[in-house]
Amino acid sequence: MKVLLIGMDGAHREAFNRGWTPFLNELVSGGNELALKEDLISRGWSEVVTGEHGLVTGALYDRADLDGTHGWSLNFKLADIPGIGEEIKPIWQVLNERGYKVGVMNVPTAFPAPPVDGFFVSGGGGGGGVNQDASLQQCHPKEILNDLHNDGYIVDERLGSLLAEKKLYKASDFFYRLCKKNNKRTDSFIRLAEKFEVDFGFVVYKSSSNIAEFTLLPALEQYKLNPESADMEFIGAVKDYYRNFDNEIKRLVESFPSAEIILVSDHSMAVRRWLVNANSFLVESGFQIQPKSKKGLYTLIKGLKKYIPFSLRQLIRNNKNVKHFYESMAKFDVGSTQAFSITIGDWNHGIFVNDAVRFGGPVPKEDIKKVAERIVGEFNRHESAARHGLTARVKPSTNSIAGKYFPDVIIDVPDGYFTSDEASGFITKFHLPDEPIGIKSVTKGSLLCGKGHHPLAINANRDWQVVASEKGDDLRKVNQHILKVFE
């Protein structure tokens, strides 16, 4: 194997500086690091795979339906990219066309498994569901399904499957399941990569690091503030998880001693410290009109959310019709509002102009950029935004078919600031709960941690082959480097 790309969802430098992962720490501290920044609107893994930003591909964490309503969705798969396989080619296709064999495992949104010279195992989601056992559609060639079943391969686990389905509320049981998933993934990848003699290997440990940091970072923050209030059993379980994960990465790397080793994540993680309500700013600035009755259906559902049991909330999320209805609810007067922000999830969200073509709003299509420029001017002059280091900019011009999905105004916020509708004001301090933070904190309905802007990109044993002037300083550079290596 010439290059081994190891993906770790949500990993960041701090995660390997705690003394729990000696092998990974050695790789990270001794390697060459790329200083990258993600806007958290464009999907990081898709940038690695395609070498293109979400402005070009439409690979966004959340997207408008653009059917003349305010329909919204979190669903996305690589097959949704206009021109995929022709104008825009996934990295495995490019390498195959250059005569190299590839082995790809668990890359998000890559479902069904595409035909490749080598092997391909799709990850969970992206149209394939989050299941324990792999299916034929997730495998190429089809006969590797037997290998995966024999290895006990686990496709994915998410918070819903671990808590709502398996009821793993004890920290040791919860993280043991993640350790098992990682172990089986390592077994299967090594076996298949050797069997197919691949030149490029790409394996992603999806969810595991993301879930660990999502729950751990707020607990460590709480420990710093008041050690007596911390759940030390929970922190100990995460420590054991990382020791196990360190051994898995060591086993993987040592199986391919001549390979160039690259460690990459799609984003970092950050404790929630401030809430940024872009809709509150828009109301204050006159760009958004609230409905006559603020006690609308969305407000009612939002208020009741914390009283709904976690398992029931997961059932509701799994119902496509109910989920789409909730995600698509407008919280403003549709007919008179000029701009809005939809804030689903723990990432960064931009502002959309409420134009007539995409959303059935009052702004003519030809005035979209003018309204966006006015919003940016008001935002950047706002005293609170300046004090907190928040800025806004107009979406870059693009001829891409998918560009219409991208927000018209991009909001840049520091790590720890999360765009959200939870607070009534524009920028509001977020306080961690008083009770010990652990596994059950996830079920309370409030996000304590979320995505950060600085993904991990470490070349453990080679120099990066990237050009600073090409494209942006984000995960597209990882794709650029790999294509340079295989020229």
# chains A, B, ... in the order shown; residues from 1 in each chain; ligands from 1
>>> residues_around(residues="A:Asn150", least_positions_apart="2", cutoff="12 Å", atoms="only C-alpha atoms", output="NGL selection string")
:A and (133-134 or 143-148 or 152-154 or 184 or 187-188 or 191)
>>> closest_residue(among="A:Gly123, A:Cys179, A:Asp9, A:Gln132", to="A:Asp246", atoms="only C-alpha atoms")
A:Cys179
>>> closest_residue(among="A:Asp173, A:Asp266, A:Asp346, A:Asp62", to="A:Ala457", atoms="only C-alpha atoms")
A:Asp266
>>> atom_distance(atom1="atom CA of A:Asp117", atom2="atom CA of A:Arg251")
25.1 Å
>>> closest_residue(among="A:Phe214, A:Phe120, A:Tyr61, A:Tyr242", to="A:Pro22", atoms="only C-alpha atoms")
A:Tyr242
>>> residues_around(residues="A:Gly83", least_positions_apart="4", cutoff="10 Å", atoms="only C-alpha atoms", output="list of chain:residue names")
A:Thr57, A:Ala79, A:Glu87, A:Ile88, A:Lys89, A:Ile401
>>> closest_residue(among="A:Ser172, A:Asn244, A:Thr109, A:Ser268", to="A:Ala15", atoms="only C-alpha atoms")
A:Ser268
>>> atom_distance(atom1="atom CA of A:Phe234", atom2="atom CA of A:Arg185")
24.4 Å
>>> residues_around(residues="A:Thr50", least_positions_apart="3", cutoff="8 Å", atoms="only C-alpha atoms", output="count of residues only")
8
>>> select_by_dssp(residues="stretch 12-183 of chain A", states="strand (DSSP E or B)", output="ChimeraX atom specification")
/A:32-33,42,60,63-64,72-73,84,88,102-107,118-122,139-140
>>> residues_around(residues="stretch 443-450 of chain A", least_positions_apart="2", cutoff="7 Å", atoms="only C-alpha atoms", output="list of chain:residue names")
A:Phe214, A:Pro218, A:Met269, A:Ala270, A:Val271, A:Arg272, A:Lys305, A:Lys306, A:Phe310, A:Asp346, A:Trp347, A:Leu432, A:Lys440, A:Ser441, A:Gly452
>>> closest_residue(among="A:Ala219, A:Leu162, A:Ala171, A:Ala113", to="A:Tyr241", atoms="only C-alpha atoms")
A:Ala171
>>> closest_residue(among="A:Pro82, A:Val442, A:Glu97, A:Asp151", to="A:Ala164", atoms="only C-alpha atoms")
A:Val442
>>> residues_around(residues="stretch 138-142 of chain A", least_positions_apart="3", cutoff="12 Å", atoms="only C-alpha atoms", output="JSON, numbers by chain")
{"A": [102, 103, 104, 105, 106, 107, 108, 109, 110, 111, 112, 113, 114, 115, 116, 117, 118, 119, 120, 121, 122, 123, 124, 125, 126, 127, 128, 129, 130, 131, 133, 134, 135, 145, 146, 147, 148, 149, 155, 192, 196]}
>>> residues_around(residues="A:Ala372", least_positions_apart="5", cutoff="7 Å", atoms="only C-alpha atoms", output="number ranges by chain")
A: 353, 394, 408-409
>>> write_last_selection(atoms="C-alpha atoms", output="mmCIF file, in the first residue's frame")
data_model
loop_
_atom_site.group_PDB
_atom_site.id
_atom_site.type_symbol
_atom_site.label_atom_id
_atom_site.label_comp_id
_atom_site.auth_asym_id
_atom_site.auth_seq_id
_atom_site.Cartn_x
_atom_site.Cartn_y
_atom_site.Cartn_z
ATOM 1 C CA VAL A 353 -32.700 35.407 1.273
ATOM 2 C CA VAL A 394 -21.837 37.225 0.876
ATOM 3 C CA ASP A 408 -26.627 33.565 0.596
ATOM 4 C CA VAL A 409 -24.846 34.912 3.671
#
